[in-house]
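Colleague: Here you go, model.cif (mmCIF, C-alpha atoms):
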```cif
data_start
#
loop_
_atom_site.label_atom_id
_atom_site.label_comp_id
_atom_site.auth_asym_id
_atom_site.auth_seq_id
_atom_site.Cartn_x
_atom_site.Cartn_y
_atom_site.Cartn_z
CA ASN A 1 0.04 -19.13 -0.86
CA ALA A 2 -2.34 -18.35 -3.69
CA GLY A 3 -3.20 -14.98 -2.13
CA VAL A 4 -6.58 -13.63 -3.24
CA THR A 5 -8.31 -15.56 -6.01
CA GLN A 6 -11.39 -14.55 -7.97
CA THR A 7 -13.61 -16.44 -10.37
CA PRO A 8 -14.65 -16.04 -13.09
CA LYS A 9 -12.17 -13.72 -14.83
CA PHE A 10 -14.71 -12.67 -17.45
CA GLN A 11 -18.51 -12.85 -17.49
CA VAL A 12 -21.25 -11.64 -19.79
CA LEU A 13 -24.80 -11.45 -18.43
CA LYS A 14 -28.13 -10.38 -19.78
CA THR A 15 -30.19 -7.77 -17.94
CA GLY A 16 -32.12 -9.38 -15.12
CA GLN A 17 -29.88 -12.40 -14.70
CA SER A 18 -28.31 -13.14 -11.33
CA MET A 19 -24.87 -14.49 -10.58
CA THR A 20 -22.24 -14.82 -7.87
CA LEU A 21 -18.68 -13.60 -8.11
CA GLN A 22 -16.39 -15.79 -6.05
CA CYS A 23 -13.52 -14.56 -3.90
CA ALA A 24 -11.23 -16.57 -1.65
CA GLN A 25 -8.06 -15.85 0.29
CA ASP A 26 -5.62 -18.17 2.04
CA MET A 27 -3.80 -15.62 4.20
CA ASN A 28 -6.16 -15.92 7.19
CA HIS A 29 -7.07 -12.23 6.86
CA GLU A 30 -10.05 -11.10 8.87
CA TYR A 31 -10.95 -8.20 6.61
CA MET A 32 -12.29 -8.65 3.11
CA SER A 33 -13.94 -6.21 0.74
CA TRP A 34 -15.37 -5.80 -2.73
CA TYR A 35 -14.69 -2.84 -5.04
CA ARG A 36 -15.82 -1.92 -8.49
CA GLN A 37 -13.67 0.09 -10.88
CA ASP A 38 -15.15 2.17 -13.66
CA PRO A 39 -13.35 4.50 -16.08
CA GLY A 40 -12.94 7.95 -14.58
CA MET A 41 -14.47 6.89 -11.25
CA GLY A 42 -11.68 5.13 -9.43
CA LEU A 43 -12.23 2.18 -7.14
CA ARG A 44 -15.44 2.31 -5.11
CA LEU A 45 -16.26 0.15 -2.11
CA ILE A 46 -19.34 -2.06 -2.45
CA HIS A 47 -19.39 -4.20 0.71
CA TYR A 48 -16.88 -5.26 3.29
CA SER A 49 -16.51 -7.76 6.11
CA VAL A 50 -14.52 -7.68 9.33
CA GLY A 51 -14.84 -11.40 9.96
CA ALA A 52 -16.99 -14.47 9.46
CA GLY A 53 -20.65 -13.63 9.94
CA ILE A 54 -20.12 -9.84 9.85
CA THR A 55 -20.69 -7.68 6.78
CA ASP A 56 -21.44 -4.03 6.13
CA GLN A 57 -22.22 -1.72 3.25
CA GLY A 58 -19.74 0.48 1.49
CA GLU A 59 -20.25 3.44 -0.84
CA VAL A 60 -22.22 1.68 -3.63
CA PRO A 61 -24.05 -1.36 -2.17
CA ASN A 62 -27.33 -1.24 -4.12
CA GLY A 63 -27.95 -4.28 -6.29
CA TYR A 64 -25.37 -6.43 -4.51
CA ASN A 65 -25.47 -8.88 -1.61
CA VAL A 66 -22.65 -10.47 0.33
CA SER A 67 -22.23 -13.08 3.02
CA ARG A 68 -19.22 -14.33 4.97
CA SER A 69 -19.73 -17.83 6.29
CA THR A 70 -15.99 -18.61 6.51
CA THR A 71 -12.82 -16.57 6.95
CA GLU A 72 -11.61 -17.65 3.51
CA ASP A 73 -14.59 -16.88 1.28
CA PHE A 74 -16.47 -13.67 0.50
CA PRO A 75 -18.83 -14.08 -2.47
CA LEU A 76 -20.58 -11.12 -4.12
CA ARG A 77 -24.07 -11.73 -5.51
CA LEU A 78 -25.72 -9.68 -8.21
CA LEU A 79 -29.44 -10.04 -7.64
CA SER A 80 -30.78 -8.80 -10.99
CA ALA A 81 -28.03 -7.57 -13.26
CA ALA A 82 -28.33 -4.15 -14.90
CA PRO A 83 -26.14 -2.51 -17.58
CA SER A 84 -24.97 -0.02 -14.93
CA GLN A 85 -23.23 -2.92 -13.20
CA THR A 86 -20.89 -3.41 -16.14
CA SER A 87 -17.54 -2.93 -14.46
CA VAL A 88 -14.35 -4.58 -13.24
CA TYR A 89 -14.81 -6.07 -9.79
CA PHE A 90 -11.93 -6.51 -7.37
CA CYS A 91 -11.96 -8.45 -4.15
CA ALA A 92 -9.40 -7.55 -1.50
CA SER A 93 -8.28 -8.89 1.85
CA SER A 94 -6.29 -7.12 4.47
CA TYR A 95 -4.38 -7.47 7.68
CA TRP A 96 -4.27 -4.60 10.11
CA GLY A 97 -2.36 -4.39 13.32
CA ARG A 98 0.77 -3.28 15.14
CA GLY A 99 1.25 -0.18 13.00
CA THR A 100 1.05 -2.00 9.71
CA ASP A 101 -1.70 -2.25 7.19
CA THR A 102 -1.91 -3.52 3.68
CA GLN A 103 -4.60 -4.72 1.36
CA TYR A 104 -4.11 -7.42 -1.24
CA PHE A 105 -6.24 -7.41 -4.36
CA GLY A 106 -7.41 -10.33 -6.44
CA PRO A 107 -6.93 -10.30 -10.23
CA GLY A 108 -10.44 -8.98 -10.89
CA THR A 109 -13.60 -10.09 -12.68
CA ARG A 110 -14.56 -8.23 -15.84
CA LEU A 111 -18.35 -8.18 -16.03
CA THR A 112 -20.46 -7.01 -18.96
CA VAL A 113 -24.23 -6.73 -18.65
CA LEU A 114 -26.10 -6.50 -21.94
CA GLY B 1 -18.12 12.89 3.07
CA GLN B 2 -14.84 11.69 1.67
CA ASN B 3 -12.85 13.45 -1.01
CA ILE B 4 -9.46 12.50 -2.39
CA ASP B 5 -7.81 14.54 -5.15
CA GLN B 6 -4.85 13.70 -7.30
CA PRO B 7 -3.78 14.86 -10.78
CA THR B 8 -5.33 12.96 -13.65
CA GLU B 9 -2.17 12.55 -15.71
CA MET B 10 1.55 13.29 -15.49
CA THR B 11 4.43 12.83 -17.88
CA ALA B 12 8.07 12.31 -16.90
CA THR B 13 11.33 11.24 -18.49
CA GLU B 14 13.13 7.95 -18.00
CA GLY B 15 15.81 8.31 -15.32
CA ALA B 16 14.24 11.40 -13.78
CA ILE B 17 12.25 11.95 -10.57
CA VAL B 18 8.50 12.55 -10.35
CA GLN B 19 6.28 13.55 -7.44
CA ILE B 20 2.58 12.65 -7.44
CA ASN B 21 0.51 14.66 -4.98
CA CYS B 22 -2.64 13.64 -3.16
CA THR B 23 -4.89 15.76 -0.96
CA TYR B 24 -7.69 14.34 1.11
CA GLN B 25 -10.66 15.44 3.16
CA THR B 26 -12.19 12.56 5.09
CA SER B 27 -14.36 12.16 8.16
CA GLY B 28 -11.65 10.18 9.90
CA PHE B 29 -8.12 9.01 9.23
CA ASN B 30 -6.51 5.67 9.87
CA GLY B 31 -3.81 5.52 7.22
CA LEU B 32 -2.98 6.53 3.67
CA PHE B 33 -1.98 4.11 0.95
CA TRP B 34 -0.41 4.26 -2.47
CA TYR B 35 -1.04 1.58 -5.06
CA GLN B 36 0.33 1.01 -8.53
CA GLN B 37 -1.97 -0.32 -11.22
CA HIS B 38 -0.89 -1.33 -14.70
CA ALA B 39 -3.55 -1.36 -17.39
CA GLY B 40 -5.75 -4.44 -17.16
CA GLU B 41 -4.25 -5.57 -13.89
CA ALA B 42 -5.09 -5.42 -10.19
CA PRO B 43 -3.69 -2.70 -7.94
CA THR B 44 -0.50 -3.63 -6.13
CA PHE B 45 0.48 -2.16 -2.77
CA LEU B 46 3.32 0.38 -2.72
CA SER B 47 3.25 2.16 0.63
CA TYR B 48 1.38 2.90 3.83
CA ASN B 49 1.67 6.01 5.99
CA VAL B 50 -0.17 6.50 9.25
CA LEU B 51 2.20 8.94 10.96
CA ASP B 52 3.59 12.20 9.58
CA GLY B 53 6.82 11.95 7.72
CA LEU B 54 8.60 10.14 4.95
CA GLU B 55 8.63 6.40 4.31
CA GLU B 56 11.27 5.17 1.88
CA LYS B 57 11.26 1.89 -0.01
CA GLY B 58 13.93 1.64 -2.64
CA ARG B 59 13.08 3.94 -5.56
CA PHE B 60 9.72 4.82 -4.02
CA SER B 61 9.06 7.19 -1.10
CA SER B 62 5.80 8.38 0.37
CA PHE B 63 5.22 11.43 2.56
CA LEU B 64 2.29 12.29 4.81
CA SER B 65 1.17 15.47 6.56
CA ARG B 66 -2.01 14.77 8.49
CA SER B 67 -2.52 18.39 9.53
CA LYS B 68 -2.53 19.44 5.87
CA GLY B 69 -4.42 16.42 4.55
CA TYR B 70 -1.59 15.91 2.08
CA SER B 71 0.57 13.12 0.80
CA TYR B 72 2.94 12.60 -2.07
CA LEU B 73 4.54 9.63 -3.77
CA LEU B 74 8.08 10.19 -5.04
CA LEU B 75 9.48 7.95 -7.72
CA LYS B 76 13.20 8.13 -8.44
CA GLU B 77 15.31 6.81 -11.34
CA LEU B 78 12.22 6.35 -13.43
CA GLN B 79 12.01 3.30 -15.64
CA MET B 80 9.70 2.62 -18.55
CA LYS B 81 7.95 -0.06 -16.49
CA ASP B 82 6.85 2.67 -14.06
CA SER B 83 4.28 3.78 -16.64
CA ALA B 84 1.06 2.98 -14.79
CA SER B 85 -1.73 4.53 -12.77
CA TYR B 86 -0.94 5.47 -9.18
CA LEU B 87 -3.83 5.34 -6.74
CA CYS B 88 -4.02 7.28 -3.49
CA ALA B 89 -6.38 5.81 -0.88
CA VAL B 90 -7.37 6.61 2.68
CA ARG B 91 -8.71 4.33 5.39
CA ALA B 92 -11.07 6.75 7.04
CA GLY B 93 -12.69 4.57 9.68
CA SER B 94 -12.30 4.57 13.40
CA GLY B 95 -9.64 1.91 13.40
CA GLY B 96 -9.14 -1.80 13.47
CA GLY B 97 -9.23 -1.95 9.71
CA ALA B 98 -12.96 -2.33 10.10
CA ASP B 99 -13.81 -0.61 6.88
CA GLY B 100 -12.64 -0.37 3.34
CA LEU B 101 -10.55 2.23 1.60
CA THR B 102 -11.66 5.40 -0.17
CA PHE B 103 -9.71 5.84 -3.39
CA GLY B 104 -8.83 8.83 -5.50
CA LYS B 105 -9.40 8.51 -9.22
CA GLY B 106 -5.75 7.75 -9.89
CA THR B 107 -2.88 9.49 -11.66
CA HIS B 108 -1.88 8.09 -15.02
CA LEU B 109 1.92 8.40 -15.24
CA ILE B 110 3.51 8.32 -18.67
CA ILE B 111 7.27 7.74 -18.87
CA GLN B 112 8.97 9.00 -22.00
CA PRO B 113 12.40 7.83 -23.22
#
```
Could you quickly redo this structure as structure tokens?
Modeller:
Amino acid sequence: NAGVTQTPKFQVLKTGQSMTLQCAQDMNHEYMSWYRQDPGMGLRLIHYSVGAGITDQGEVPNGYNVSRSTTEDFPLRLLSAAPSQTSVYFCASSYWGRGTDTQYFGPGTRLTVL
Amino acid sequence: GQNIDQPTEMTATEGAIVQINCTYQTSGFNGLFWYQQHAGEAPTFLSYNVLDGLEEKGRFSSFLSRSKGYSYLLLKELQMKDSASYLCAVRAGSGGGADGLTFGKGTHLIIQP
């Protein structure tokens, strides 16, 4: 199993550009989510999904869109990049049930918006 | 709202024991997690508590008191490789894993020889 994979690992954008951060998992997890991590702020939830076709907003959803057409993939779209979106982005997938719960993180995408 | 507090930084000595505390105030509770994160890397899962009490996994133990909104992570026989940030997180939704986690800002643990 590859676990949770993310591409690209690094990206530099100019203000106003759009792009999609890719996330895929091969563990057949129903739940997937996107977080951003900024110095001194901790990890903050952007969007999450409980299954194909179902998404919902987290704590900091503005400026981001998501879709979940398959169980495996959960891309994050930046509509018009802003310097405030400079951050490290982590995708995660999780399994919950029968008294157990864990969340697996991808390696992250380091995004800089100029 | 959700609020999770943990110390910003702690220092401990190789071979010793350290306890990292976490207090939380959330609108719901469906489990508390501890993650380890080395600089420049993704968080890795350490422990999960949903019922009160102590969960032990090798050198790592995690304790939960739901009535007090309190957890701690205990690391024994500290090694230099334990130098990392330790993240406390709560799943505050109604259940079914149908939401993400709320994280504290992390505790940076420094291990000295």
Colleague: Using all atoms listed in the file, determine which residues of chain A fall within 12 Å of chain B; present them as a VMD selection string.
Modeller: chain A and resid 4 to 6 9 29 to 51 54 to 60 88 to 110
Colleague: Within 10 Å of A:Ser69, counting all atoms listed in the file, which residues qualify if same-chain residues fewer than 3 places away don't, as a list of chain:residue names?
Modeller: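 Selected residues are A:Gly51, A:Ala52, A:Gly53, A:Ile54, A:Val66, A:Glu72, A:Asp73, A:Phe74, A:Pro75.
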Colleague: Taking into account only C-alpha atoms, which residue in the set A:Pro61, A:Ala2, A:Leu79, A:Thr70 is nearest to A:Ser18?
Modeller: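 Once distances to A:Ser18 are computed over only C-alpha atoms, the minimum belongs to A:Leu79.
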Colleague: Report as number ranges by chain all protein, DNA and RNA residues lying within 8 Å of B:Gln112, evaluated on all atoms listed in the file, omitting residues in the same chain fewer than 6 positions from it.
Modeller: B: 11-14, 80
Colleague: Write out the residues from the selection above, keeping C-alpha atoms, as a short mmCIF file (atom, residue, chain, number, x, y, z; two decimals), in the coordinates of the input.
Modeller:
```cif
data_model
loop_
_atom_site.label_atom_id
_atom_site.label_comp_id
_atom_site.auth_asym_id
_atom_site.auth_seq_id
_atom_site.Cartn_x
_atom_site.Cartn_y
_atom_site.Cartn_z
CA THR B 11 4.43 12.83 -17.88
CA ALA B 12 8.07 12.31 -16.90
CA THR B 13 11.33 11.24 -18.49
CA GLU B 14 13.13 7.95 -18.00
CA MET B 80 9.70 2.62 -18.55
#
```
Colleague: Separation of atom CA of B:Tyr24 and atom CA of B:Met10, in Å?
Modeller: 19.0 Å
Colleague: Starting from the displayed file, determine the output of the PyMOL selection byres ((chain B and resi 74) around 8) and express the residue list as a ChimeraX atom specification.
Modeller: /B:17-20,60-62,72-73,75-76
Colleague: Quick one: stretch 57-75 of chain B with N, CA, C and O atoms, as an mmCIF file, in the frame of the given file?
Modeller:
```cif
data_model
loop_
_atom_site.group_PDB
_atom_site.id
_atom_site.type_symbol
_atom_site.label_atom_id
_atom_site.label_comp_id
_atom_site.auth_asym_id
_atom_site.auth_seq_id
_atom_site.Cartn_x
_atom_site.Cartn_y
_atom_site.Cartn_z
ATOM 1 N N LYS B 57 11.146 3.301 0.380
ATOM 2 C CA LYS B 57 11.260 1.890 -0.010
ATOM 3 C C LYS B 57 11.925 1.845 -1.363
ATOM 4 O O LYS B 57 11.262 1.933 -2.394
ATOM 5 N N GLY B 58 13.220 1.720 -1.370
ATOM 6 C CA GLY B 58 13.930 1.640 -2.640
ATOM 7 C C GLY B 58 13.752 2.908 -3.454
ATOM 8 O O GLY B 58 14.008 4.013 -2.983
ATOM 9 N N ARG B 59 13.258 2.770 -4.685
ATOM 10 C CA ARG B 59 13.080 3.940 -5.560
ATOM 11 C C ARG B 59 11.808 4.728 -5.217
ATOM 12 O O ARG B 59 11.598 5.806 -5.768
ATOM 13 N N PHE B 60 10.991 4.193 -4.338
ATOM 14 C CA PHE B 60 9.720 4.820 -4.020
ATOM 15 C C PHE B 60 9.752 5.375 -2.585
ATOM 16 O O PHE B 60 10.231 4.710 -1.665
ATOM 17 N N SER B 61 9.220 6.595 -2.424
ATOM 18 C CA SER B 61 9.060 7.190 -1.100
ATOM 19 C C SER B 61 7.670 7.779 -1.019
ATOM 20 O O SER B 61 7.126 8.254 -2.022
ATOM 21 N N SER B 62 7.103 7.768 0.182
ATOM 22 C CA SER B 62 5.800 8.380 0.370
ATOM 23 C C SER B 62 5.843 9.261 1.609
ATOM 24 O O SER B 62 6.433 8.895 2.630
ATOM 25 N N PHE B 63 5.216 10.423 1.494
ATOM 26 C CA PHE B 63 5.220 11.430 2.560
ATOM 27 C C PHE B 63 3.796 11.702 2.980
ATOM 28 O O PHE B 63 2.872 11.685 2.159
ATOM 29 N N LEU B 64 3.613 11.966 4.283
ATOM 30 C CA LEU B 64 2.290 12.290 4.810
ATOM 31 C C LEU B 64 2.375 13.481 5.750
ATOM 32 O O LEU B 64 3.263 13.538 6.615
ATOM 33 N N SER B 65 1.415 14.401 5.586
ATOM 34 C CA SER B 65 1.170 15.470 6.560
ATOM 35 C C SER B 65 -0.305 15.415 6.915
ATOM 36 O O SER B 65 -1.169 15.810 6.123
ATOM 37 N N ARG B 66 -0.607 14.917 8.088
ATOM 38 C CA ARG B 66 -2.010 14.770 8.490
ATOM 39 C C ARG B 66 -2.670 16.113 8.731
ATOM 40 O O ARG B 66 -3.846 16.314 8.414
ATOM 41 N N SER B 67 -1.934 17.080 9.247
ATOM 42 C CA SER B 67 -2.520 18.390 9.530
ATOM 43 C C SER B 67 -2.935 19.094 8.242
ATOM 44 O O SER B 67 -3.887 19.877 8.232
ATOM 45 N N LYS B 68 -2.226 18.807 7.150
ATOM 46 C CA LYS B 68 -2.530 19.440 5.870
ATOM 47 C C LYS B 68 -3.394 18.553 4.978
ATOM 48 O O LYS B 68 -3.806 18.987 3.894
ATOM 49 N N GLY B 69 -3.667 17.334 5.396
ATOM 50 C CA GLY B 69 -4.420 16.420 4.550
ATOM 51 C C GLY B 69 -3.719 16.194 3.223
ATOM 52 O O GLY B 69 -4.337 16.243 2.151
ATOM 53 N N TYR B 70 -2.428 15.897 3.290
ATOM 54 C CA TYR B 70 -1.590 15.910 2.080
ATOM 55 C C TYR B 70 -0.601 14.758 2.122
ATOM 56 O O TYR B 70 -0.026 14.435 3.169
ATOM 57 N N SER B 71 -0.423 14.166 0.956
ATOM 58 C CA SER B 71 0.570 13.120 0.800
ATOM 59 C C SER B 71 1.200 13.257 -0.585
ATOM 60 O O SER B 71 0.609 13.846 -1.498
ATOM 61 N N TYR B 72 2.381 12.747 -0.732
ATOM 62 C CA TYR B 72 2.940 12.600 -2.070
ATOM 63 C C TYR B 72 3.690 11.291 -2.196
ATOM 64 O O TYR B 72 4.186 10.732 -1.221
ATOM 65 N N LEU B 73 3.751 10.807 -3.416
ATOM 66 C CA LEU B 73 4.540 9.630 -3.770
ATOM 67 C C LEU B 73 5.675 10.110 -4.660
ATOM 68 O O LEU B 73 5.439 10.796 -5.659
ATOM 69 N N LEU B 74 6.894 9.774 -4.288
ATOM 70 C CA LEU B 74 8.080 10.190 -5.040
ATOM 71 C C LEU B 74 8.698 8.976 -5.697
ATOM 72 O O LEU B 74 8.985 7.985 -5.021
ATOM 73 N N LEU B 75 8.858 9.043 -6.989
ATOM 74 C CA LEU B 75 9.480 7.950 -7.720
ATOM 75 C C LEU B 75 10.801 8.434 -8.306
ATOM 76 O O LEU B 75 10.833 9.415 -9.051
#
```
